[in-house]
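To start, the structure under review is shown below, and the notes come after it.
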Amino acid sequence: MSVGRRYGPGPCTPSEAAENAVELDITPVMNLFIIIIPFLITMAVFTHVYVVDFGVPPNVGAGLDQSQGKPKLRITVVLAPEFVAVTHGDKMLDSLQAPGGVPPVDSLKACLARRRMQSDIHDEVVVAVRDAVVFDNVVKVMDACRASGFVKLGLSSAAEQAGEPVP
């Protein structure tokens, strides 16, 4: 008794089995790949993921270790809808008007590059954002900080000052 399959009456030889084998039609699958692969490649070109590394300001909150003493002051960029201020602790270093709510990025880069070496910490800056600031402006200020040489960016919220008009 033969172990092979039968494709008709009587025993079949390998050549007969090859004649009777079903032929696979992979044309639809190939057509799908011909369409999908170029589409995915073009989407990969247009899709760029941009990541901005930032953190919360160091040495803040309930976890502050008092045994280490006072934390060192960092340059802080206060971003409000009508101005951008560069501060170091409580001392205001520079103030720039933001006409139309758009921060003057080129002037800010120059101010930050000038003040960077005057600080004890040369590679860290904190961007403190007030309410009603457009997110795109926050990203522009963070990009200006990185372009000025700051490697570590902190992001914080800024409280309104007493006696200052609320927008």
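Labeling convention for the structure tokens: chains A, B, ... as they appear, residues from 1 per chain, ligands from 1 in order of appearance.
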Exercise for the section: List the neighbours of Gln118 of chain A out to 12 Å using only C-alpha atoms; skip same-chain residues closer than 3 positions along the sequence, and give me the result as an NGL selection string. Expected result: :A and (73-75 or 87-88 or 93 or 111-115 or 121-123)
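Contact shell of segment 137-143 of chain A at 10 Å (only C-alpha atoms; same-chain neighbours under 4 positions omitted): Val52, Asp53, Phe54, Val77, Val78, Leu79, Ala80, Pro81, Val84, Gly101, Val102, Pro103, Pro104, Val105, Asp106, Leu108, Lys109, Val125, Val126, Val127, Ala128, Val129, Val133, Ala147, Ser148, Phe150, Leu153, Gly154 and Leu155 of chain A.
You will find atom CA of Glu160 of chain A at 22.4 Å from atom CA of Cys145 of chain A.
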